[in-house]
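Containing mmCIF, N, CA and C atoms: run31.cif.
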data_coords
loop_
_atom_site.label_atom_id
_atom_site.label_comp_id
_atom_site.auth_asym_id
_atom_site.auth_seq_id
_atom_site.Cartn_x
_atom_site.Cartn_y
_atom_site.Cartn_z
N MET A 226 -38.66 -142.16 28.01
CA MET A 226 -39.43 -141.18 27.28
C MET A 226 -40.02 -141.85 26.05
N ARG A 227 -41.30 -141.73 25.88
CA ARG A 227 -41.98 -142.27 24.71
C ARG A 227 -42.46 -141.09 23.86
N VAL A 228 -42.15 -141.16 22.58
CA VAL A 228 -42.39 -140.05 21.66
C VAL A 228 -43.26 -140.52 20.50
N CYS A 229 -44.11 -139.63 20.03
CA CYS A 229 -44.89 -139.89 18.82
C CYS A 229 -44.44 -138.92 17.74
N GLY A 230 -43.88 -139.45 16.67
CA GLY A 230 -43.52 -138.64 15.52
C GLY A 230 -44.74 -138.48 14.64
N VAL A 231 -44.91 -137.27 14.09
CA VAL A 231 -46.08 -136.98 13.27
C VAL A 231 -45.64 -136.31 11.97
N GLU A 232 -46.18 -136.82 10.86
CA GLU A 232 -46.04 -136.13 9.59
C GLU A 232 -47.45 -135.76 9.14
N LEU A 233 -47.65 -134.49 8.85
CA LEU A 233 -48.96 -134.01 8.41
C LEU A 233 -49.00 -134.00 6.88
N THR A 234 -49.94 -134.74 6.33
CA THR A 234 -50.10 -134.80 4.89
C THR A 234 -51.57 -134.61 4.57
N GLY A 235 -51.89 -133.54 3.89
CA GLY A 235 -53.29 -133.28 3.55
C GLY A 235 -54.13 -133.17 4.80
N ASN A 236 -55.12 -134.06 4.90
CA ASN A 236 -56.01 -134.04 6.07
C ASN A 236 -55.70 -135.18 7.04
N GLU A 237 -54.45 -135.70 7.00
CA GLU A 237 -54.06 -136.81 7.84
C GLU A 237 -52.84 -136.49 8.70
N ALA A 238 -52.82 -137.11 9.86
CA ALA A 238 -51.65 -137.09 10.73
C ALA A 238 -51.12 -138.52 10.76
N VAL A 239 -50.01 -138.74 10.07
CA VAL A 239 -49.36 -140.05 10.04
C VAL A 239 -48.49 -140.12 11.28
N ILE A 240 -48.59 -141.23 12.04
CA ILE A 240 -47.88 -141.31 13.32
C ILE A 240 -46.94 -142.51 13.39
N SER A 241 -45.97 -142.37 14.26
CA SER A 241 -45.06 -143.47 14.61
C SER A 241 -44.62 -143.25 16.05
N ILE A 242 -44.87 -144.23 16.89
CA ILE A 242 -44.51 -144.13 18.30
C ILE A 242 -43.18 -144.85 18.52
N MET A 243 -42.29 -144.20 19.28
CA MET A 243 -40.96 -144.75 19.51
C MET A 243 -40.51 -144.40 20.92
N GLN A 244 -39.70 -145.28 21.47
CA GLN A 244 -39.18 -145.09 22.82
C GLN A 244 -37.71 -145.47 22.85
N LEU A 245 -36.93 -144.70 23.60
CA LEU A 245 -35.53 -145.03 23.85
C LEU A 245 -35.42 -145.38 25.33
N LYS A 246 -35.06 -146.64 25.58
CA LYS A 246 -34.98 -147.12 26.96
C LYS A 246 -33.73 -147.97 27.11
N ASN A 247 -32.87 -147.59 28.04
CA ASN A 247 -31.61 -148.30 28.29
C ASN A 247 -30.77 -148.44 27.02
N GLY A 248 -30.75 -147.40 26.22
CA GLY A 248 -29.94 -147.40 25.00
C GLY A 248 -30.53 -148.17 23.84
N LEU A 249 -31.74 -148.71 24.01
CA LEU A 249 -32.39 -149.47 22.95
C LEU A 249 -33.68 -148.80 22.50
N TYR A 250 -33.93 -148.85 21.19
CA TYR A 250 -35.16 -148.28 20.65
C TYR A 250 -36.25 -149.33 20.63
N ASP A 251 -37.45 -148.89 20.99
CA ASP A 251 -38.61 -149.76 20.98
C ASP A 251 -39.69 -149.05 20.17
N VAL A 252 -40.32 -149.79 19.25
CA VAL A 252 -41.40 -149.24 18.44
C VAL A 252 -42.63 -150.11 18.67
N PRO A 253 -43.51 -149.68 19.59
CA PRO A 253 -44.71 -150.49 19.86
C PRO A 253 -45.66 -150.46 18.67
N LYS A 254 -46.36 -151.55 18.47
CA LYS A 254 -47.35 -151.65 17.40
C LYS A 254 -48.58 -150.86 17.83
N ALA A 255 -48.88 -149.78 17.13
CA ALA A 255 -50.04 -148.95 17.46
C ALA A 255 -51.26 -149.45 16.70
N ARG A 256 -52.44 -149.22 17.26
CA ARG A 256 -53.67 -149.71 16.63
C ARG A 256 -54.02 -148.95 15.35
N VAL A 257 -53.47 -147.75 15.20
CA VAL A 257 -53.66 -146.98 13.96
C VAL A 257 -52.33 -146.39 13.52
N ALA A 258 -52.18 -146.19 12.23
CA ALA A 258 -50.96 -145.59 11.68
C ALA A 258 -51.18 -144.14 11.30
N LYS A 259 -52.45 -143.74 11.20
CA LYS A 259 -52.76 -142.36 10.87
C LYS A 259 -54.17 -142.03 11.34
N LEU A 260 -54.37 -140.75 11.60
CA LEU A 260 -55.70 -140.24 11.96
C LEU A 260 -56.09 -139.22 10.91
N THR A 261 -57.37 -139.19 10.56
CA THR A 261 -57.85 -138.34 9.48
C THR A 261 -58.86 -137.33 10.00
N LEU A 262 -58.72 -136.08 9.54
CA LEU A 262 -59.71 -135.04 9.81
C LEU A 262 -60.65 -135.03 8.61
N VAL A 263 -61.91 -135.39 8.85
CA VAL A 263 -62.83 -135.59 7.72
C VAL A 263 -63.54 -134.33 7.26
N ASP A 264 -63.67 -133.32 8.09
CA ASP A 264 -64.44 -132.13 7.74
C ASP A 264 -63.71 -130.90 8.24
N ALA A 265 -63.45 -129.96 7.34
CA ALA A 265 -62.70 -128.77 7.72
C ALA A 265 -63.58 -127.60 8.12
N ILE A 266 -64.84 -127.69 7.85
CA ILE A 266 -65.72 -126.54 8.07
C ILE A 266 -66.26 -126.48 9.49
N ASN A 267 -66.70 -127.60 10.01
CA ASN A 267 -67.30 -127.64 11.35
C ASN A 267 -66.25 -127.92 12.42
N THR A 268 -66.53 -127.48 13.64
CA THR A 268 -65.58 -127.69 14.73
C THR A 268 -65.69 -129.07 15.36
N ASP A 269 -66.85 -129.71 15.27
CA ASP A 269 -67.03 -131.02 15.90
C ASP A 269 -66.03 -132.06 15.39
N PRO A 270 -65.81 -132.18 14.07
CA PRO A 270 -64.81 -133.15 13.60
C PRO A 270 -63.40 -132.83 14.11
N LEU A 271 -63.06 -131.56 14.23
CA LEU A 271 -61.74 -131.18 14.73
C LEU A 271 -61.61 -131.56 16.21
N LYS A 272 -62.66 -131.33 16.97
CA LYS A 272 -62.66 -131.73 18.38
C LYS A 272 -62.56 -133.24 18.52
N LYS A 273 -63.27 -133.99 17.65
CA LYS A 273 -63.19 -135.45 17.68
C LYS A 273 -61.79 -135.91 17.32
N PHE A 274 -61.20 -135.29 16.31
CA PHE A 274 -59.82 -135.63 15.91
C PHE A 274 -58.89 -135.42 17.10
N GLN A 275 -59.00 -134.27 17.75
CA GLN A 275 -58.15 -133.95 18.89
C GLN A 275 -58.37 -134.95 20.03
N PHE A 276 -59.62 -135.29 20.32
CA PHE A 276 -59.93 -136.26 21.37
C PHE A 276 -59.33 -137.63 21.04
N ASP A 277 -59.53 -138.08 19.79
CA ASP A 277 -59.02 -139.40 19.38
C ASP A 277 -57.50 -139.45 19.47
N PHE A 278 -56.84 -138.37 19.06
CA PHE A 278 -55.38 -138.33 19.11
C PHE A 278 -54.91 -138.36 20.56
N GLU A 279 -55.53 -137.55 21.39
CA GLU A 279 -55.14 -137.49 22.80
C GLU A 279 -55.37 -138.84 23.49
N GLN A 280 -56.46 -139.51 23.16
CA GLN A 280 -56.74 -140.82 23.75
C GLN A 280 -55.70 -141.84 23.31
N LEU A 281 -55.30 -141.78 22.05
CA LEU A 281 -54.26 -142.68 21.54
C LEU A 281 -52.95 -142.47 22.30
N MET A 282 -52.60 -141.21 22.55
CA MET A 282 -51.37 -140.91 23.28
C MET A 282 -51.45 -141.41 24.72
N LYS A 283 -52.61 -141.29 25.35
CA LYS A 283 -52.79 -141.81 26.72
C LYS A 283 -52.67 -143.32 26.73
N ASP A 284 -53.31 -143.97 25.77
CA ASP A 284 -53.29 -145.43 25.71
C ASP A 284 -51.87 -145.98 25.56
N TYR A 285 -51.02 -145.28 24.81
CA TYR A 285 -49.66 -145.75 24.58
C TYR A 285 -48.63 -145.04 25.47
N LYS A 286 -49.13 -144.28 26.45
CA LYS A 286 -48.29 -143.60 27.44
C LYS A 286 -47.22 -142.70 26.79
N VAL A 287 -47.66 -141.94 25.79
CA VAL A 287 -46.78 -140.99 25.10
C VAL A 287 -46.87 -139.66 25.82
N ASP A 288 -45.70 -139.04 26.08
CA ASP A 288 -45.71 -137.74 26.74
C ASP A 288 -45.21 -136.62 25.83
N THR A 289 -44.60 -136.96 24.72
CA THR A 289 -44.06 -135.94 23.82
C THR A 289 -44.47 -136.26 22.38
N VAL A 290 -44.95 -135.23 21.69
CA VAL A 290 -45.31 -135.35 20.28
C VAL A 290 -44.40 -134.42 19.49
N VAL A 291 -43.77 -134.96 18.45
CA VAL A 291 -42.90 -134.16 17.59
C VAL A 291 -43.46 -134.18 16.18
N ILE A 292 -43.69 -132.99 15.65
CA ILE A 292 -44.31 -132.83 14.33
C ILE A 292 -43.25 -132.36 13.34
N LYS A 293 -43.18 -133.02 12.21
CA LYS A 293 -42.27 -132.59 11.16
C LYS A 293 -42.83 -131.31 10.53
N GLN A 294 -42.02 -130.26 10.56
CA GLN A 294 -42.44 -128.97 10.03
C GLN A 294 -42.70 -129.05 8.53
N ARG A 295 -43.76 -128.38 8.08
CA ARG A 295 -44.11 -128.35 6.66
C ARG A 295 -43.69 -127.03 6.05
N ALA A 296 -43.50 -127.03 4.76
CA ALA A 296 -43.18 -125.79 4.05
C ALA A 296 -44.41 -124.88 4.07
N LEU A 297 -44.18 -123.58 4.20
CA LEU A 297 -45.30 -122.63 4.23
C LEU A 297 -45.72 -122.21 2.83
N LYS A 298 -44.80 -122.28 1.87
CA LYS A 298 -45.15 -121.93 0.50
C LYS A 298 -44.28 -122.75 -0.46
N GLY A 299 -44.65 -122.69 -1.72
CA GLY A 299 -43.91 -123.45 -2.71
C GLY A 299 -44.59 -124.76 -3.05
N LYS A 300 -43.89 -125.58 -3.83
CA LYS A 300 -44.43 -126.84 -4.33
C LYS A 300 -44.85 -127.79 -3.21
N TYR A 301 -44.11 -127.81 -2.11
CA TYR A 301 -44.39 -128.73 -1.02
C TYR A 301 -45.08 -128.06 0.17
N ALA A 302 -45.77 -126.97 -0.09
CA ALA A 302 -46.45 -126.23 0.98
C ALA A 302 -47.51 -127.10 1.64
N GLY A 303 -47.71 -126.86 2.91
CA GLY A 303 -48.69 -127.63 3.67
C GLY A 303 -50.11 -127.34 3.22
N ASN A 304 -50.95 -128.34 3.28
CA ASN A 304 -52.36 -128.23 2.99
C ASN A 304 -53.02 -127.41 4.10
N PRO A 305 -54.02 -126.57 3.79
CA PRO A 305 -54.67 -125.79 4.85
C PRO A 305 -55.21 -126.65 6.00
N LEU A 306 -55.70 -127.85 5.70
CA LEU A 306 -56.19 -128.72 6.76
C LEU A 306 -55.08 -129.16 7.70
N SER A 307 -53.88 -129.33 7.15
CA SER A 307 -52.78 -129.77 8.00
C SER A 307 -52.42 -128.70 9.03
N PHE A 308 -52.65 -127.44 8.71
CA PHE A 308 -52.40 -126.38 9.68
C PHE A 308 -53.43 -126.43 10.82
N LYS A 309 -54.66 -126.78 10.48
CA LYS A 309 -55.68 -126.95 11.53
C LYS A 309 -55.30 -128.12 12.44
N ILE A 310 -54.86 -129.20 11.82
CA ILE A 310 -54.46 -130.38 12.61
C ILE A 310 -53.30 -130.01 13.52
N GLU A 311 -52.31 -129.30 12.99
CA GLU A 311 -51.16 -128.90 13.80
C GLU A 311 -51.60 -128.05 14.99
N GLY A 312 -52.50 -127.12 14.75
CA GLY A 312 -53.01 -126.28 15.83
C GLY A 312 -53.72 -127.10 16.89
N ALA A 313 -54.54 -128.06 16.45
CA ALA A 313 -55.26 -128.92 17.40
C ALA A 313 -54.27 -129.73 18.24
N LEU A 314 -53.20 -130.20 17.63
CA LEU A 314 -52.20 -130.98 18.37
C LEU A 314 -51.44 -130.09 19.36
N GLN A 315 -51.08 -128.89 18.92
CA GLN A 315 -50.32 -128.00 19.79
C GLN A 315 -51.12 -127.52 20.99
N LEU A 316 -52.43 -127.53 20.90
CA LEU A 316 -53.28 -127.05 21.99
C LEU A 316 -53.63 -128.12 23.02
N MET A 317 -53.12 -129.33 22.85
CA MET A 317 -53.41 -130.37 23.83
C MET A 317 -52.60 -130.12 25.10
N ALA A 318 -53.31 -129.99 26.21
CA ALA A 318 -52.69 -129.55 27.46
C ALA A 318 -51.77 -130.59 28.10
N ASP A 319 -52.07 -131.86 27.95
CA ASP A 319 -51.33 -132.88 28.69
C ASP A 319 -50.11 -133.43 27.96
N LEU A 320 -49.76 -132.85 26.82
CA LEU A 320 -48.63 -133.34 26.03
C LEU A 320 -47.64 -132.23 25.75
N ASN A 321 -46.38 -132.61 25.65
CA ASN A 321 -45.36 -131.68 25.15
C ASN A 321 -45.36 -131.83 23.64
N VAL A 322 -45.62 -130.76 22.93
CA VAL A 322 -45.70 -130.82 21.47
C VAL A 322 -44.67 -129.87 20.88
N TYR A 323 -43.83 -130.39 19.97
CA TYR A 323 -42.79 -129.60 19.33
C TYR A 323 -42.89 -129.76 17.82
N VAL A 324 -42.66 -128.68 17.11
CA VAL A 324 -42.56 -128.72 15.65
C VAL A 324 -41.07 -128.68 15.32
N LEU A 325 -40.59 -129.70 14.63
CA LEU A 325 -39.16 -129.83 14.34
C LEU A 325 -38.85 -129.45 12.90
N SER A 326 -37.84 -128.62 12.74
CA SER A 326 -37.42 -128.21 11.40
C SER A 326 -36.69 -129.36 10.71
N ALA A 327 -36.61 -129.28 9.40
CA ALA A 327 -35.88 -130.28 8.62
C ALA A 327 -34.41 -130.31 9.04
N ALA A 328 -33.85 -129.15 9.36
CA ALA A 328 -32.44 -129.08 9.78
C ALA A 328 -32.22 -129.81 11.10
N TYR A 329 -33.14 -129.67 12.04
CA TYR A 329 -33.05 -130.36 13.33
C TYR A 329 -33.11 -131.87 13.13
N ILE A 330 -34.03 -132.30 12.29
CA ILE A 330 -34.18 -133.73 12.01
C ILE A 330 -32.94 -134.27 11.32
N LYS A 331 -32.44 -133.53 10.35
CA LYS A 331 -31.23 -133.95 9.62
C LYS A 331 -30.04 -134.09 10.57
N GLU A 332 -29.91 -133.15 11.49
CA GLU A 332 -28.82 -133.19 12.46
C GLU A 332 -28.94 -134.40 13.38
N GLY A 333 -30.15 -134.69 13.82
CA GLY A 333 -30.38 -135.86 14.67
C GLY A 333 -30.06 -137.16 13.96
N LEU A 334 -30.42 -137.24 12.69
CA LEU A 334 -30.14 -138.44 11.91
C LEU A 334 -28.64 -138.58 11.66
N ALA A 335 -27.95 -137.46 11.49
CA ALA A 335 -26.50 -137.49 11.25
C ALA A 335 -25.75 -137.99 12.49
N GLN A 336 -26.29 -137.74 13.68
CA GLN A 336 -25.64 -138.18 14.92
C GLN A 336 -25.79 -139.67 15.17
N ALA A 337 -26.77 -140.28 14.52
CA ALA A 337 -27.05 -141.70 14.76
C ALA A 337 -26.00 -142.59 14.11
N GLN A 338 -25.70 -143.67 14.78
CA GLN A 338 -24.77 -144.64 14.21
C GLN A 338 -25.44 -145.41 13.07
N VAL A 339 -26.71 -145.71 13.23
CA VAL A 339 -27.48 -146.42 12.22
C VAL A 339 -28.86 -145.79 12.15
N THR A 340 -29.36 -145.59 10.93
CA THR A 340 -30.71 -145.07 10.76
C THR A 340 -31.65 -146.26 10.56
N PRO A 341 -32.70 -146.35 11.36
CA PRO A 341 -33.60 -147.50 11.25
C PRO A 341 -34.39 -147.50 9.94
N ASP A 342 -34.81 -148.68 9.54
CA ASP A 342 -35.61 -148.86 8.34
C ASP A 342 -37.04 -149.20 8.78
N VAL A 343 -38.03 -148.54 8.16
CA VAL A 343 -39.42 -148.75 8.58
C VAL A 343 -39.86 -150.20 8.45
N ARG A 344 -39.43 -150.87 7.40
CA ARG A 344 -39.85 -152.26 7.20
C ARG A 344 -39.27 -153.17 8.29
N ASP A 345 -38.03 -152.90 8.71
CA ASP A 345 -37.42 -153.69 9.77
C ASP A 345 -38.14 -153.49 11.11
N LEU A 346 -38.78 -152.33 11.27
CA LEU A 346 -39.49 -152.02 12.51
C LEU A 346 -40.95 -152.46 12.48
N GLY A 347 -41.38 -153.01 11.34
CA GLY A 347 -42.77 -153.45 11.22
C GLY A 347 -43.75 -152.34 10.92
N LEU A 348 -43.24 -151.21 10.42
CA LEU A 348 -44.10 -150.09 10.08
C LEU A 348 -44.37 -150.07 8.58
N LYS A 349 -45.34 -149.28 8.17
CA LYS A 349 -45.66 -149.09 6.76
C LYS A 349 -44.72 -148.04 6.16
N LYS A 350 -44.50 -148.14 4.86
CA LYS A 350 -43.60 -147.19 4.17
C LYS A 350 -44.06 -145.74 4.36
N PHE A 351 -45.38 -145.50 4.36
CA PHE A 351 -45.87 -144.13 4.50
C PHE A 351 -45.60 -143.55 5.89
N GLN A 352 -45.19 -144.38 6.85
CA GLN A 352 -44.87 -143.90 8.20
C GLN A 352 -43.41 -143.49 8.34
N GLU A 353 -42.64 -143.59 7.29
CA GLU A 353 -41.19 -143.37 7.38
C GLU A 353 -40.84 -141.99 7.92
N GLN A 354 -41.44 -140.94 7.40
CA GLN A 354 -41.09 -139.59 7.86
C GLN A 354 -41.49 -139.35 9.31
N ALA A 355 -42.61 -139.89 9.73
CA ALA A 355 -43.03 -139.78 11.13
C ALA A 355 -42.04 -140.51 12.03
N MET A 356 -41.62 -141.70 11.61
CA MET A 356 -40.66 -142.49 12.39
C MET A 356 -39.32 -141.77 12.47
N LEU A 357 -38.84 -141.24 11.35
CA LEU A 357 -37.56 -140.54 11.34
C LEU A 357 -37.60 -139.27 12.20
N THR A 358 -38.75 -138.62 12.24
CA THR A 358 -38.91 -137.43 13.09
C THR A 358 -38.78 -137.82 14.56
N ALA A 359 -39.45 -138.88 14.97
CA ALA A 359 -39.35 -139.36 16.36
C ALA A 359 -37.93 -139.81 16.67
N PHE A 360 -37.33 -140.57 15.76
CA PHE A 360 -35.97 -141.08 15.96
C PHE A 360 -34.97 -139.94 16.09
N ALA A 361 -35.05 -138.94 15.21
CA ALA A 361 -34.13 -137.80 15.26
C ALA A 361 -34.28 -137.03 16.57
N TYR A 362 -35.50 -136.87 17.03
CA TYR A 362 -35.73 -136.18 18.31
C TYR A 362 -35.08 -136.95 19.46
N LEU A 363 -35.30 -138.26 19.49
CA LEU A 363 -34.72 -139.07 20.56
C LEU A 363 -33.19 -139.06 20.50
N GLU A 364 -32.62 -139.07 19.30
CA GLU A 364 -31.17 -138.99 19.14
C GLU A 364 -30.64 -137.65 19.67
N GLN A 365 -31.34 -136.57 19.36
CA GLN A 365 -30.93 -135.24 19.84
C GLN A 365 -31.01 -135.18 21.37
N GLN A 366 -32.05 -135.76 21.94
CA GLN A 366 -32.19 -135.75 23.39
C GLN A 366 -31.10 -136.58 24.05
N ALA A 367 -30.78 -137.73 23.47
CA ALA A 367 -29.72 -138.59 24.01
C ALA A 367 -28.36 -137.89 23.92
N ALA A 368 -28.11 -137.20 22.80
CA ALA A 368 -26.84 -136.49 22.62
C ALA A 368 -26.71 -135.36 23.63
N ALA A 369 -27.80 -134.70 23.97
CA ALA A 369 -27.77 -133.59 24.94
C ALA A 369 -27.43 -134.10 26.34
N LYS A 370 -27.75 -135.36 26.63
CA LYS A 370 -27.46 -135.93 27.96
C LYS A 370 -26.03 -136.45 28.08
N ARG A 371 -25.37 -136.66 26.95
CA ARG A 371 -23.99 -137.19 26.99
C ARG A 371 -23.00 -136.15 27.40
#
Re-express the file's structure as structure tokens.
Amino acid sequence: MRVCGVELTGNEAVISIMQLKNGLYDVPKARVAKLTLVDAINTDPLKKFQFDFEQLMKDYKVDTVVIKQRALKGKYAGNPLSFKIEGALQLMADLNVYVLSAAYIKEGLAQAQVTPDVRDLGLKKFQEQAMLTAFAYLEQQAAAKR
């Protein structure tokens, strides 16, 4: 199973692709670390964003996308554009898309023997939350099979 973790920040979807195979984690080097929605008013940029994201998932043979849930209100509330991006991702027909709560992610990380470090995996620091979201999901799935 290959998973793409997503953190939505402003008008960007920060991504990290991860796979658990034979008990080992693999993090392939993706050609982009984030995708940006440039225009919130017109539908064409949103359709292009959705197409580009879907093509990226096909290219890297990703079948599941896990999105880190954002706060709905308060200091860390999600940007209105991030809600559009989330909707565009959830409407992609060929992918399983899940929004994961902070509690679910925390539980998955707690089950892990070791939590990976983004720098050790060759990722950028800003990809950390996306990577941890994918990692926690894979840990939860592995625990369910045990």
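Counting all atoms listed in the file, the residue from A:Gln365, A:Lys283, A:Gly230, A:Lys272 that sits nearest to A:Tyr329 is A:Gln365.
Computed from the coordinates, the atom CA of A:Phe274 to atom CA of A:Leu348 distance equals 22.1 Å.
Run against this file, the PyMOL selection byres (((chain A and resi 311-322 and name CA) around 8) and name CA) gives back Leu233, Leu271, Lys272, Gln275, Glu279, Val287, Asp288, Thr289, Val290, Val291, Ile292, Ser307, Phe308, Lys309, Ile310, Tyr323 and Val324 of chain A.
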Find the residues around stretch 248-257 of chain A up to 8 Å (only C-alpha atoms counted), leave out those fewer than 6 positions away in its own chain, and share them as a list of chain:residue names. A:Ser241, A:Ile242, A:Tyr285, A:Leu346, A:Gly347
Using only N, CA and C atoms, can you tell me which of A:Leu281, A:Ala258, A:Ala367, A:Leu334 comes closest to A:Ile240? A:Ala258
Let's see if you can do this: from backbone DSSP, list all alpha helix (DSSP H) residues in chain A, as a PyMOL selection string. chain A and resi 268-284+305-315+327-336+353-370
What is the distance, in Å and to one decimal place, between atom C of A:Thr234 and atom CA of A:Met282?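 Atom-to-atom, atom C of A:Thr234 to atom CA of A:Met282, that is 19.7 Å.
Note that atom C of A:Gln354 and atom CA of A:Ala238 are 10.5 Å apart.
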Distance cut-off 12 Å, centre (-27.2, -138.2, 13.0) in file coordinates, counting only C-alpha atoms: which residues qualify? Return them as a list in words. Ala328, Tyr329, Ile330, Lys331, Glu332, Gly333, Leu334, Ala335, Gln336, Ala337, Gln338, Val339, Thr340, Pro341, Leu357, Thr358, Phe360, Ala361, Tyr362, Leu363, Glu364, Gln365, Gln366, Ala367 and Ala368 of chain A
